[in-house]
file protein_10.cif (mmCIF, C-alpha atoms and all ligand atoms)
data_upload
loop_
_atom_site.label_atom_id
_atom_site.label_comp_id
_atom_site.auth_asym_id
_atom_site.auth_seq_id
_atom_site.Cartn_x
_atom_site.Cartn_y
_atom_site.Cartn_z
CA MET A 1 -73.06 1.44 157.39
CA ASN A 2 -72.55 -0.85 160.38
CA PRO A 3 -70.53 0.67 163.20
CA THR A 4 -67.09 -0.81 163.88
CA PRO A 5 -67.11 -3.07 166.94
CA TYR A 6 -64.75 -1.88 169.64
CA LYS A 7 -64.06 -2.91 173.17
CA LEU A 8 -63.52 -0.51 175.99
CA GLN A 9 -60.45 -1.43 177.96
CA LYS A 10 -60.32 -0.55 181.63
CA THR A 11 -57.05 -0.34 183.56
CA ASP A 12 -57.30 -0.02 187.34
CA VAL A 13 -54.39 1.67 189.10
CA ARG A 14 -53.74 2.44 192.74
CA MET A 15 -52.59 6.01 193.34
CA ASP A 16 -49.79 6.78 195.80
CA ASP A 17 -52.15 7.74 198.60
CA GLY A 18 -54.37 4.67 198.13
CA ARG A 19 -57.03 6.22 195.92
CA THR A 20 -58.42 4.18 193.06
CA LEU A 21 -57.98 5.35 189.48
CA SER A 22 -59.48 3.77 186.38
CA TYR A 23 -58.39 4.50 182.83
CA TYR A 24 -60.83 3.74 180.04
CA ASP A 25 -59.52 3.44 176.48
CA TYR A 26 -60.91 1.76 173.42
CA ALA A 27 -59.51 -0.25 170.58
CA ALA A 28 -61.00 -2.00 167.56
CA LEU A 29 -61.32 -5.71 168.11
CA GLU A 30 -58.57 -7.87 166.58
CA GLN A 31 -56.24 -4.93 166.28
CA THR A 32 -53.30 -3.93 168.36
CA PRO A 33 -54.83 -1.47 170.77
CA PRO A 34 -53.09 1.76 169.77
CA PHE A 35 -53.42 3.23 173.24
CA LEU A 36 -51.53 0.53 175.07
CA GLU A 37 -48.17 2.13 174.44
CA LEU A 38 -49.43 5.10 176.35
CA HIS A 39 -49.72 2.92 179.40
CA GLN A 40 -46.23 1.49 179.44
CA GLY A 41 -44.96 1.86 182.92
CA ALA A 42 -48.42 1.46 184.36
CA ALA A 43 -47.61 -1.98 185.68
CA GLN A 44 -50.02 -1.86 188.59
CA THR A 45 -52.97 -3.31 186.74
CA ASP A 46 -54.19 -5.43 189.66
CA PRO A 47 -57.64 -4.30 190.70
CA PRO A 48 -57.31 -2.20 193.82
CA THR A 49 -58.00 -3.98 197.07
CA GLY A 50 -58.78 -2.18 200.31
CA GLN A 51 -59.84 1.44 200.45
CA ARG A 52 -58.33 4.75 201.34
CA VAL A 53 -59.47 5.91 204.79
CA LEU A 54 -59.35 9.68 205.23
CA GLU A 55 -57.93 11.08 208.44
CA LYS A 56 -60.68 13.67 208.52
CA ALA A 57 -63.75 12.46 206.66
CA SER A 58 -66.80 14.65 206.07
CA GLU A 59 -69.84 14.49 208.30
CA MET A 60 -73.50 15.07 207.66
CA ARG A 61 -75.99 16.75 209.98
CA TRP A 62 -79.75 16.40 209.98
CA ASN A 63 -81.82 19.56 209.63
CA PRO A 64 -85.13 18.82 211.39
CA THR A 65 -86.71 22.03 210.07
CA ARG A 66 -86.28 21.00 206.42
CA ALA A 67 -86.09 17.24 206.93
CA GLU A 68 -82.83 17.01 205.01
CA TRP A 69 -79.14 16.32 205.39
CA THR A 70 -76.34 18.84 204.95
CA VAL A 71 -72.83 17.54 204.22
CA TYR A 72 -69.88 19.26 205.93
CA ALA A 73 -66.53 18.88 204.22
CA ALA A 74 -64.28 21.27 206.12
CA HIS A 75 -61.12 19.76 204.58
CA ARG A 76 -62.23 20.99 201.14
CA MET A 77 -61.52 24.62 201.96
CA ASN A 78 -57.89 24.22 200.89
CA ARG A 79 -58.46 22.51 197.55
CA VAL A 80 -56.97 23.73 194.31
CA GLN A 81 -58.94 26.66 192.89
CA LEU A 82 -58.61 27.56 189.21
CA PRO A 83 -54.89 26.83 188.86
CA SER A 84 -52.98 28.20 185.89
CA ARG A 85 -52.80 26.06 182.78
CA ASP A 86 -49.29 24.83 183.65
CA ALA A 87 -50.37 23.74 187.10
CA CYS A 88 -53.51 21.87 185.99
CA PRO A 89 -53.52 18.76 188.23
CA ILE A 90 -55.40 16.59 185.72
CA CYS A 91 -53.35 17.22 182.58
CA PRO A 92 -51.33 14.11 181.65
CA GLY A 93 -47.91 14.04 183.23
CA VAL A 94 -48.79 16.45 186.03
CA LEU A 95 -49.98 15.80 189.56
CA GLU A 96 -52.85 13.32 189.53
CA LEU A 97 -52.46 11.60 186.17
CA PRO A 98 -48.83 10.87 185.31
CA LEU A 99 -49.59 9.01 182.03
CA ASN A 100 -51.39 9.78 178.82
CA TYR A 101 -55.01 8.71 178.89
CA GLN A 102 -58.30 8.83 177.04
CA ILE A 103 -60.71 8.95 179.97
CA ALA A 104 -59.73 8.80 183.63
CA ILE A 105 -61.99 8.42 186.67
CA PHE A 106 -60.46 8.64 190.12
CA GLU A 107 -61.42 9.37 193.69
CA ASN A 108 -61.34 13.06 194.51
CA ARG A 109 -58.32 14.09 196.56
CA SER A 110 -60.61 16.11 198.87
CA PRO A 111 -63.89 14.18 198.71
CA SER A 112 -67.19 15.36 200.19
CA LEU A 113 -68.24 11.72 200.53
CA SER A 114 -65.78 8.92 201.19
CA TYR A 115 -65.27 5.41 202.46
CA VAL A 116 -65.57 5.27 206.27
CA PRO A 117 -65.10 1.92 208.01
CA GLY A 118 -67.76 0.63 210.39
CA ASP A 119 -71.53 0.15 210.47
CA VAL A 120 -73.04 1.83 207.42
CA SER A 121 -76.61 2.07 208.72
CA ILE A 122 -78.06 5.55 209.35
CA PRO A 123 -80.36 6.09 212.36
CA ASP A 124 -83.93 7.18 211.54
CA PRO A 125 -83.51 10.97 211.52
CA ARG A 126 -87.15 12.03 211.28
CA GLU A 127 -87.53 13.48 214.79
CA ALA A 128 -83.85 13.88 215.57
CA PHE A 129 -82.09 17.03 216.79
CA GLU A 130 -78.33 17.56 216.49
CA LEU A 131 -77.84 14.25 214.71
CA THR A 132 -74.40 13.87 213.11
CA VAL A 133 -73.20 10.81 211.16
CA PRO A 134 -70.14 10.18 208.93
CA ALA A 135 -70.67 11.24 205.30
CA ARG A 136 -70.17 7.81 203.73
CA GLY A 137 -70.08 7.35 199.99
CA ARG A 138 -67.73 8.19 197.14
CA ALA A 139 -66.73 11.31 195.24
CA ASP A 140 -64.99 10.94 191.88
CA MET A 141 -63.40 13.16 189.29
CA VAL A 142 -64.27 12.15 185.73
CA VAL A 143 -61.73 13.52 183.25
CA TYR A 144 -63.30 13.50 179.79
CA SER A 145 -60.14 13.84 177.76
CA GLN A 146 -56.46 14.56 178.18
CA ASP A 147 -56.86 17.67 176.05
CA HIS A 148 -56.88 20.60 178.48
CA ASP A 149 -58.65 22.84 175.96
CA GLY A 150 -61.08 20.19 174.74
CA ARG A 151 -64.81 20.66 175.19
CA PHE A 152 -67.54 18.09 175.52
CA ALA A 153 -69.49 19.67 172.67
CA TRP A 154 -66.64 19.25 170.19
CA MET A 155 -65.10 15.93 171.27
CA ALA A 156 -65.13 13.07 168.74
CA LEU A 157 -68.54 11.45 169.10
CA SER A 158 -66.98 8.03 169.64
CA ASP A 159 -65.10 9.52 172.60
CA VAL A 160 -68.37 10.81 174.06
CA TYR A 161 -69.77 7.31 173.67
CA ALA A 162 -66.72 5.89 175.48
CA LEU A 163 -67.45 8.40 178.25
CA VAL A 164 -71.02 7.11 178.51
CA GLU A 165 -69.60 3.59 178.91
CA ALA A 166 -67.14 4.78 181.57
CA TRP A 167 -69.94 6.57 183.47
CA ARG A 168 -72.00 3.41 183.31
CA ASP A 169 -69.17 1.25 184.61
CA ARG A 170 -68.48 3.52 187.55
CA TYR A 171 -72.19 3.85 188.25
CA SER A 172 -72.57 0.07 188.47
CA GLN A 173 -69.67 -0.12 190.93
CA HIS A 174 -70.99 2.59 193.23
CA ILE A 175 -74.66 1.61 193.25
CA ALA A 176 -73.65 -1.88 194.39
CA LEU A 177 -71.98 -0.57 197.58
CA PRO A 178 -73.94 -1.33 200.77
CA GLU A 179 -73.73 2.26 202.04
CA VAL A 180 -74.87 3.86 198.76
CA GLU A 181 -78.51 4.80 198.03
CA PHE A 182 -78.13 7.15 195.09
CA VAL A 183 -75.41 8.00 192.57
CA SER A 184 -75.27 11.40 190.89
CA ILE A 185 -73.27 11.86 187.69
CA PHE A 186 -72.96 15.58 187.08
CA GLU A 187 -70.96 18.45 185.65
CA ASN A 188 -70.51 22.06 186.66
CA LYS A 189 -69.46 23.62 183.37
CA GLY A 190 -68.01 27.10 183.48
CA ARG A 191 -66.57 29.15 186.31
CA GLU A 192 -69.95 30.76 187.05
CA ALA A 193 -71.28 27.24 187.62
CA GLY A 194 -68.70 26.56 190.33
CA MET A 195 -66.12 24.78 188.20
CA THR A 196 -62.71 24.89 189.93
CA LEU A 197 -60.61 23.40 187.10
CA ASP A 198 -60.82 24.53 183.46
CA HIS A 199 -59.78 21.08 182.14
CA PRO A 200 -62.92 19.30 180.80
CA HIS A 201 -64.25 17.09 183.55
CA GLY A 202 -67.32 16.12 185.51
CA GLN A 203 -67.90 14.41 188.83
CA ILE A 204 -69.72 11.52 190.45
CA TYR A 205 -71.15 11.58 193.97
CA ALA A 206 -72.38 8.34 195.54
CA PHE A 207 -74.77 9.33 198.37
CA PRO A 208 -75.71 7.32 201.46
CA PHE A 209 -79.26 8.72 201.25
CA LEU A 210 -81.78 9.76 198.62
CA PRO A 211 -81.41 13.58 198.24
CA PRO A 212 -84.60 15.68 198.67
CA TYR A 213 -85.27 16.39 195.00
CA LEU A 214 -84.90 12.73 194.05
CA GLU A 215 -87.11 11.74 196.95
CA LYS A 216 -89.77 14.05 195.50
CA GLN A 217 -89.37 12.63 191.99
CA TRP A 218 -89.59 9.12 193.34
CA GLY A 219 -92.66 10.05 195.39
CA GLN A 220 -94.37 11.43 192.26
CA THR A 221 -93.38 8.31 190.32
CA GLN A 222 -95.11 6.20 192.94
CA LEU A 223 -98.14 8.50 193.13
CA PHE A 224 -98.85 8.03 189.42
CA GLY A 225 -98.07 4.33 189.60
CA GLU A 226 -99.23 2.52 186.44
CA LYS A 227 -102.09 4.96 185.81
CA ASN A 228 -102.12 5.93 182.11
CA GLY A 229 -98.64 4.50 181.69
CA GLY A 230 -97.25 6.25 184.76
CA LEU A 231 -95.65 9.64 185.37
CA TRP A 232 -92.72 9.46 182.96
CA ASN A 233 -94.54 8.01 179.97
CA GLN A 234 -97.05 10.83 180.28
CA VAL A 235 -94.34 13.49 180.56
CA VAL A 236 -92.71 12.17 177.38
CA GLU A 237 -95.98 11.63 175.50
CA LYS A 238 -97.26 15.11 176.25
CA GLU A 239 -94.03 16.69 175.00
CA LEU A 240 -94.15 14.54 171.86
CA LYS A 241 -97.77 15.48 171.22
CA ASP A 242 -97.29 19.21 171.82
CA GLU A 243 -94.06 19.37 169.75
CA SER A 244 -93.43 23.05 170.56
CA ARG A 245 -90.70 22.37 173.13
CA ILE A 246 -88.94 19.45 171.40
CA ILE A 247 -85.27 20.09 170.62
CA ALA A 248 -84.08 16.71 169.32
CA GLN A 249 -84.95 13.03 169.49
CA THR A 250 -83.86 9.53 168.59
CA ASP A 251 -85.68 6.19 168.80
CA GLY A 252 -84.68 5.88 172.44
CA PHE A 253 -84.50 9.46 173.76
CA LEU A 254 -86.35 12.75 173.71
CA ALA A 255 -84.70 16.12 174.40
CA ALA A 256 -87.06 18.99 175.14
CA MET A 257 -87.44 22.11 177.24
CA PRO A 258 -89.98 20.76 179.71
CA PHE A 259 -93.41 22.37 180.05
CA TYR A 260 -92.36 23.16 183.66
CA ALA A 261 -88.80 24.43 182.99
CA ARG A 262 -87.48 26.53 185.89
CA TYR A 263 -84.44 27.95 184.09
CA PRO A 264 -84.29 29.73 180.74
CA TYR A 265 -82.97 27.22 178.15
CA GLU A 266 -83.37 24.30 180.58
CA VAL A 267 -83.37 21.04 178.60
CA HIS A 268 -84.18 17.54 179.80
CA ILE A 269 -83.34 14.33 177.96
CA TRP A 270 -85.62 11.42 178.86
CA ALA A 271 -85.23 7.75 177.99
CA LYS A 272 -88.41 6.85 176.11
CA ARG A 273 -88.54 3.18 177.03
CA ASP A 274 -90.24 1.70 180.10
CA GLY A 275 -87.82 0.08 182.52
CA VAL A 276 -84.82 2.30 181.72
CA SER A 277 -84.31 3.74 185.20
CA SER A 278 -80.53 4.04 184.91
CA LEU A 279 -77.59 3.64 182.51
CA LEU A 280 -77.53 -0.04 183.47
CA GLU A 281 -80.77 -0.87 181.65
CA MET A 282 -79.76 0.69 178.32
CA THR A 283 -78.85 -1.38 175.28
CA PRO A 284 -75.56 -0.58 173.48
CA GLN A 285 -77.62 1.10 170.75
CA GLU A 286 -79.36 3.29 173.33
CA ARG A 287 -76.01 4.25 174.82
CA ARG A 288 -74.79 5.32 171.37
CA GLU A 289 -77.92 7.40 170.97
CA LEU A 290 -77.41 8.92 174.42
CA ALA A 291 -73.91 10.05 173.41
CA GLY A 292 -75.31 11.55 170.23
CA ILE A 293 -78.20 13.43 171.80
CA MET A 294 -76.11 14.72 174.74
CA GLN A 295 -73.57 16.15 172.33
CA ASN A 296 -76.34 17.55 170.13
CA ILE A 297 -77.69 19.57 173.07
CA ALA A 298 -74.19 20.64 174.16
CA GLN A 299 -73.49 21.94 170.63
CA ARG A 300 -76.74 23.89 170.55
CA TYR A 301 -75.80 25.59 173.81
CA GLU A 302 -72.39 26.50 172.37
CA ASN A 303 -73.97 27.75 169.15
CA LEU A 304 -76.86 29.68 170.66
CA TRP A 305 -75.03 32.96 171.13
CA GLY A 306 -71.55 31.88 170.01
CA LYS A 307 -68.91 34.39 170.95
CA ASP A 308 -71.58 36.86 172.14
CA ALA A 309 -72.18 34.70 175.21
CA VAL A 310 -70.22 36.74 177.71
CA TYR A 311 -69.92 33.91 180.22
CA GLY A 312 -69.43 30.97 177.81
CA PHE A 313 -72.80 29.45 178.68
CA PRO A 314 -72.13 28.07 182.19
CA THR A 315 -74.36 25.03 182.64
CA LEU A 316 -75.16 22.49 185.35
CA MET A 317 -75.79 18.95 184.11
CA LEU A 318 -77.13 16.08 186.21
CA MET A 319 -78.13 12.52 185.33
CA GLN A 320 -81.13 11.46 187.38
CA GLN A 321 -81.33 7.72 187.84
CA LEU A 322 -82.55 5.29 190.49
CA SER A 323 -81.76 1.62 190.39
CA LYS A 324 -81.76 0.38 193.94
CA GLN A 325 -85.07 1.29 195.49
CA LEU A 326 -87.91 -1.17 195.42
CA GLY A 327 -89.71 -0.88 192.10
CA ALA A 328 -87.27 1.70 190.76
CA GLU A 329 -87.81 0.31 187.27
CA ARG A 330 -90.82 2.66 187.19
CA PHE A 331 -88.43 5.60 187.50
CA ARG A 332 -87.14 7.00 184.21
CA PHE A 333 -83.50 7.85 183.48
CA HIS A 334 -83.25 11.46 182.46
CA ILE A 335 -80.69 14.23 182.21
CA GLU A 336 -81.37 17.77 183.38
CA PHE A 337 -79.36 20.69 181.96
CA TYR A 338 -79.56 24.00 183.82
CA PRO A 339 -77.88 26.82 181.87
CA LEU A 340 -77.11 29.74 184.17
CA GLN A 341 -77.29 32.38 181.45
CA ARG A 342 -80.59 33.95 180.43
CA SER A 343 -79.32 36.26 177.68
CA PRO A 344 -75.93 36.79 175.98
CA GLU A 345 -74.84 39.18 178.76
CA LYS A 346 -76.98 38.18 181.73
CA LEU A 347 -76.70 35.40 184.26
CA LYS A 348 -79.68 33.70 185.86
CA TYR A 349 -79.26 33.87 189.63
CA ARG A 350 -80.84 31.61 192.14
CA ALA A 351 -82.01 34.60 194.18
CA SER A 352 -83.99 35.11 197.42
CA ILE A 353 -87.30 33.66 196.36
CA GLU A 354 -85.76 30.68 194.58
CA THR A 355 -83.39 29.92 197.48
CA GLY A 356 -85.68 30.74 200.37
CA THR A 357 -88.97 29.32 199.12
CA GLY A 358 -88.01 26.78 196.48
CA THR A 359 -90.35 28.45 193.96
CA PHE A 360 -88.73 29.54 190.71
CA LEU A 361 -89.53 32.61 188.65
CA ASN A 362 -88.72 32.15 184.98
CA ASP A 363 -88.66 35.25 182.77
CA ALA A 364 -89.39 33.39 179.56
CA LEU A 365 -91.77 30.74 178.33
CA PRO A 366 -90.06 27.47 177.37
CA GLU A 367 -92.03 27.33 174.08
CA ASN A 368 -90.33 30.49 172.83
CA GLN A 369 -86.84 29.56 173.91
CA ALA A 370 -87.17 26.05 172.51
CA ALA A 371 -87.52 27.63 169.07
CA GLU A 372 -84.21 29.47 169.59
CA LEU A 373 -82.46 26.26 170.60
CA ARG A 374 -83.98 24.39 167.67
CA ALA A 375 -82.56 26.99 165.31
CA ALA A 376 -79.06 26.66 166.79
CA ALA A 377 -77.67 23.91 164.51
CA PRO A 378 -77.05 20.94 164.32
CA HIS A 379 -80.51 19.62 163.52
CA ASP A 380 -79.95 15.87 163.43
CA VAL A 381 -78.55 13.73 166.19
CA ALA A 382 -75.39 12.05 164.91
CA LEU A 383 -74.48 8.54 166.07
CA PRO A 384 -70.92 7.42 166.88
CA ASP A 385 -69.38 5.25 164.16
CA VAL A 386 -68.33 2.61 166.70
CA ILE A 387 -70.17 0.23 168.99
CA PHE A 388 -68.72 -1.21 172.19
CA GLU A 389 -69.12 -4.93 172.71
ZN ZN B 401 -55.43 20.28 182.18
#
call {"tool": "encode", "arguments": {"input": "protein_10.cif", "output": "C-alpha cells"}}
result
Amino acid sequence: MNPTPYKLQKTDVRMDDGRTLSYYDYAALEQTPPFLELHQGAAQTDPPTGQRVLEKASEMRWNPTRAEWTVYAAHRMNRVQLPSRDACPICPGVLELPLNYQIAIFENRSPSLSYVPGDVSIPDPREAFELTVPARGRADMVVYSQDHDGRFAWMALSDVYALVEAWRDRYSQHIALPEVEFVSIFENKGREAGMTLDHPHGQIYAFPFLPPYLEKQWGQTQLFGEKNGGLWNQVVEKELKDESRIIAQTDGFLAAMPFYARYPYEVHIWAKRDGVSSLLEMTPQERRELAGIMQNIAQRYENLWGKDAVYGFPTLMLMQQLSKQLGAERFRFHIEFYPLQRSPEKLKYRASIETGTGTFLNDALPENQAAELRAAAPHDVALPDVIFE
C-alpha cells in the first residue's frame, strides 16, 4: 500500500526572552490540518529575526595536555533538576510551551553553547596555554511529544518519522551557521544517563569545533580514503558478511552491535549508501526507514529485560554526521546507542581505566549479546504509513 502523502508544517515563534521556538506538525495534503486549531493564539508566525544574546555566555578553554576544548557553563548550575510532574516546564500549557504541540524545538534556557556577537574565528590553539574563547554555537531542546509519559519506543511510527524530519530541518539550519563546525543530535535517556527532565526529549548541540571523537573518526575516514570502498563501506560489509552481530536492517540502513563495541548492548545504525554523510543527503524513503529502524532498536532495548530492568535501560544516543568539512561525503551517517546497563540489576560505569586512559573494558562479547537483542521482539522493521513531501 502506498503511504499517504503528508506535509510537515513548521511554525516559528519568538519566546518572551527572545529565544527561537519551532513547532512541527503534520497534516495530510488537501485536508484541513487538524492541528491548526491547537495553534490558535500563536499569531507570531513571522520567522524570528535577530538573536538572543546571553548576559553571561559560556566560555571554552583549551587543554594543551589533551589537545581539546572544555566548555564552561557556570550559569547552568541553577537549572531545573527533575521537577515534579506538575512542574514539568515542557508540558503544554506550562512554562516553556504554552500551547499544544506535536514536536517542539527551542533554544535551551540555560545553553552550554549560544549565539555570541562578534568575530567567530577561533585562534589556532595547538601550542596555546590559558586560551579562553566564547563558547559560540547553539543548544536546543527537542521535545518529542506533548505526552509527558510518552516514550520514543512506543510513539506512533509516523510521529517518529516527523521527528526525523524536524531533526533534519534544525540540523540544516545550524550547520549553515558560520560559527558552527559540527552538530550533535543526541539524547540522554533515563536519570542514570543524566536526564534532568522525565518528559520525552532530546537535545541538539551545534559546536564551533570538531569534538575529539569526531576528529578521530574523520581522520580514520581520510586514512582509508577510497581503498576497498573506504572505511565505512568496509565496516558495513564486514558486519553484513559475518551476520552474528546484526540486529535489524532495511534497504538503506544496518543496525548491529559493532565488532568493536565498547559497551554491553551497544548498537550502531549505519546508512548503507555512499554519500550519506548526514540527514541532509537522505531520500524521503531513507528517512522513513531511519524512523522505523531507530524505533525497532528502541523497542528491543525496552523489551530486553522488561520490568526486570531495575534502571529502565538508561541509554545515550548520538547521531554522528559531518556535512561541512572538505570531502565529508566520504563520512557515513550513523547512530551510536550506548546503554548504561549491563545486566537487569547492574549499571555499566565509565570507571577509572575508561575515564583516565580512554581504553574500554567490556565484560561481554558483542556476538553473544547481539543474539539476546535479536530475540527481543519485534523482528521486522516497520515503516511509517505516511511520507512527507
Ligand atoms: Zn512534561
call {"tool": "atom_distance", "arguments": {"input": "protein_10.cif", "atom1": "CA of Leu340 in chain A", "atom2": "CA of Glu192 in chain A"}}
result
7.8 Å
call {"tool": "atom_distance", "arguments": {"input": "protein_10.cif", "atom1": "CA of Arg330 in chain A", "atom2": "CA of Asp274 in chain A"}}
result
7.2 Å
call {"tool": "atom_distance", "arguments": {"input": "protein_10.cif", "atom1": "CA of Tyr301 in chain A", "atom2": "CA of His201 in chain A"}}
result
17.3 Å
call {"tool": "residues_near_ligand", "arguments": {"input": "protein_10.cif", "ligand": "ligand ZN 401 (chain B)", "cutoff": "6 Å", "atoms": "all atoms listed in the file", "output": "ChimeraX atom specification"}}
result
/A:88,90-91,148,199
call {"tool": "residues_around", "arguments": {"input": "protein_10.cif", "residues": "Gln222 in chain A", "least_positions_apart": "4", "cutoff": "12 Å", "atoms": "only C-alpha atoms", "output": "list of chain:residue names"}}
result
A:Glu215, A:Lys216, A:Gln217, A:Trp218, A:Glu226, A:Lys227, A:Gly229, A:Gly230, A:Leu231, A:Trp232, A:Gln325, A:Leu326, A:Gly327, A:Ala328, A:Glu329, A:Arg330, A:Phe331, A:Arg332
call {"tool": "residues_around", "arguments": {"input": "protein_10.cif", "residues": "range 168-176 of chain A", "least_positions_apart": "5", "cutoff": "7 Å", "atoms": "all atoms listed in the file", "output": "PyMOL selection string"}}
result
chain A and resi 181-183+206+279-280
call {"tool": "closest_residue", "arguments": {"input": "protein_10.cif", "among": "A:Arg19, A:Arg342, A:Arg138, A:Arg14", "to": "Ser58 in chain A", "atoms": "all atoms listed in the file"}}
result
A:Arg138
call {"tool": "closest_residue", "arguments": {"input": "protein_10.cif", "among": "A:Leu113, A:Ala256, A:Met317, A:Leu99", "to": "Ala193 in chain A", "atoms": "all atoms listed in the file"}}
result
A:Met317
call {"tool": "residues_around", "arguments": {"input": "protein_10.cif", "residues": "range 130-137 of chain A", "least_positions_apart": "3", "cutoff": "10 Å", "atoms": "only C-alpha atoms", "output": "PyMOL selection string"}}
result
chain A and resi 57-64+69-73+111-118+120-125+127+174-175+177-183+205-209
call {"tool": "closest_residue", "arguments": {"input": "protein_10.cif", "among": "A:Gly306, A:Pro314, A:Gly275, A:Pro264", "to": "Phe360 in chain A", "atoms": "only C-alpha atoms"}}
result
A:Pro264
call {"tool": "closest_residue", "arguments": {"input": "protein_10.cif", "among": "A:Ala87, A:Ala104, A:Ile297, A:Leu322", "to": "Ala377 in chain A", "atoms": "only C-alpha atoms"}}
result
A:Ile297
call {"tool": "residues_around", "arguments": {"input": "protein_10.cif", "residues": "Gln203 in chain A", "least_positions_apart": "3", "cutoff": "8 Å", "atoms": "all atoms listed in the file", "output": "compact mmCIF listing (two decimals) with C-alpha atoms, in the frame of the given file"}}
result
# COMPACT_ATOMS: atom_id res chain seq x y z
CA ALA A 139 -66.73 11.31 195.24
CA ASP A 140 -64.99 10.94 191.88
CA MET A 141 -63.40 13.16 189.29
CA VAL A 142 -64.27 12.15 185.73
CA ILE A 185 -73.27 11.86 187.69
CA PHE A 186 -72.96 15.58 187.08
CA GLU A 187 -70.96 18.45 185.65
call {"tool": "axis_aligned_box", "arguments": {"input": "protein_10.cif", "around": "range 221-227 of chain A", "padding_each_side": "6 Å", "output": "AutoDock Vina command-line options"}}
result
--center_x -97.7 --center_y 5.5 --center_z 189.5 --size_x 20.7 --size_y 18.0 --size_z 19.3
call {"tool": "residues_around", "arguments": {"input": "protein_10.cif", "residues": "Asn303 in chain A", "least_positions_apart": "3", "cutoff": "9 Å", "atoms": "only C-alpha atoms", "output": "list in words"}}
result
Ala298, Gln299, Arg300, Gly306, Lys307, Leu373, Ala376, Ala377 and Pro378 of chain A
call {"tool": "closest_residue", "arguments": {"input": "protein_10.cif", "among": "A:Glu281, A:Glu389, A:Lys346, A:Gln295", "to": "Asp308 in chain A", "atoms": "all atoms listed in the file"}}
result
A:Lys346
call {"tool": "decode", "arguments": {"input": "protein_10.cif", "residues": "range 299-311 of chain A", "atoms": "N, CA, C and O atoms", "output": "PDB file, in the first residue's frame"}}
result
ATOM      1  N   GLN A 299      12.673  -0.328  20.826  1.00  0.00           N
ATOM      2  CA  GLN A 299      11.734  -1.316  21.370  1.00  0.00           C
ATOM      3  C   GLN A 299      12.458  -2.555  21.880  1.00  0.00           C
ATOM      4  O   GLN A 299      12.082  -3.142  22.888  1.00  0.00           O
ATOM      5  N   ARG A 300      13.521  -2.938  21.194  1.00  0.00           N
ATOM      6  CA  ARG A 300      14.305  -4.089  21.674  1.00  0.00           C
ATOM      7  C   ARG A 300      14.909  -3.790  23.041  1.00  0.00           C
ATOM      8  O   ARG A 300      14.936  -4.650  23.930  1.00  0.00           O
ATOM      9  N   TYR A 301      15.443  -2.582  23.184  1.00  0.00           N
ATOM     10  CA  TYR A 301      16.006  -2.203  24.483  1.00  0.00           C
ATOM     11  C   TYR A 301      14.939  -2.272  25.578  1.00  0.00           C
ATOM     12  O   TYR A 301      15.182  -2.740  26.673  1.00  0.00           O
ATOM     13  N   GLU A 302      13.742  -1.774  25.260  1.00  0.00           N
ATOM     14  CA  GLU A 302      12.665  -1.790  26.258  1.00  0.00           C
ATOM     15  C   GLU A 302      12.248  -3.225  26.585  1.00  0.00           C
ATOM     16  O   GLU A 302      11.900  -3.550  27.705  1.00  0.00           O
ATOM     17  N   ASN A 303      12.291  -4.083  25.556  1.00  0.00           N
ATOM     18  CA  ASN A 303      11.819  -5.457  25.730  1.00  0.00           C
ATOM     19  C   ASN A 303      12.842  -6.380  26.378  1.00  0.00           C
ATOM     20  O   ASN A 303      12.481  -7.432  26.891  1.00  0.00           O
ATOM     21  N   LEU A 304      14.110  -6.005  26.288  1.00  0.00           N
ATOM     22  CA  LEU A 304      15.183  -6.943  26.638  1.00  0.00           C
ATOM     23  C   LEU A 304      14.987  -7.557  28.020  1.00  0.00           C
ATOM     24  O   LEU A 304      14.991  -8.777  28.172  1.00  0.00           O
ATOM     25  N   TRP A 305      14.785  -6.738  29.014  1.00  0.00           N
ATOM     26  CA  TRP A 305      14.567  -7.255  30.360  1.00  0.00           C
ATOM     27  C   TRP A 305      13.201  -6.845  30.911  1.00  0.00           C
ATOM     28  O   TRP A 305      12.857  -7.175  32.037  1.00  0.00           O
ATOM     29  N   GLY A 306      12.462  -6.031  30.107  1.00  0.00           N
ATOM     30  CA  GLY A 306      11.139  -5.607  30.541  1.00  0.00           C
ATOM     31  C   GLY A 306      11.177  -4.973  31.914  1.00  0.00           C
ATOM     32  O   GLY A 306      12.044  -4.149  32.201  1.00  0.00           O
ATOM     33  N   LYS A 307      10.262  -5.386  32.764  1.00  0.00           N
ATOM     34  CA  LYS A 307      10.152  -4.781  34.081  1.00  0.00           C
ATOM     35  C   LYS A 307      11.294  -5.198  35.019  1.00  0.00           C
ATOM     36  O   LYS A 307      11.467  -4.621  36.090  1.00  0.00           O
ATOM     37  N   ASP A 308      12.073  -6.224  34.610  1.00  0.00           N
ATOM     38  CA  ASP A 308      13.206  -6.631  35.446  1.00  0.00           C
ATOM     39  C   ASP A 308      14.358  -5.644  35.383  1.00  0.00           C
ATOM     40  O   ASP A 308      15.267  -5.697  36.199  1.00  0.00           O
ATOM     41  N   ALA A 309      14.347  -4.772  34.376  1.00  0.00           N
ATOM     42  CA  ALA A 309      15.430  -3.795  34.242  1.00  0.00           C
ATOM     43  C   ALA A 309      15.264  -2.746  35.335  1.00  0.00           C
ATOM     44  O   ALA A 309      14.407  -1.879  35.251  1.00  0.00           O
ATOM     45  N   VAL A 310      16.088  -2.874  36.369  1.00  0.00           N
ATOM     46  CA  VAL A 310      15.928  -2.034  37.552  1.00  0.00           C
ATOM     47  C   VAL A 310      15.979  -0.549  37.211  1.00  0.00           C
ATOM     48  O   VAL A 310      15.256   0.255  37.762  1.00  0.00           O
ATOM     49  N   TYR A 311      16.836  -0.185  36.256  1.00  0.00           N
ATOM     50  CA  TYR A 311      17.033   1.240  35.973  1.00  0.00           C
ATOM     51  C   TYR A 311      16.276   1.720  34.726  1.00  0.00           C
ATOM     52  O   TYR A 311      16.473   2.836  34.283  1.00  0.00           O
TER      53      TYR A 311
END
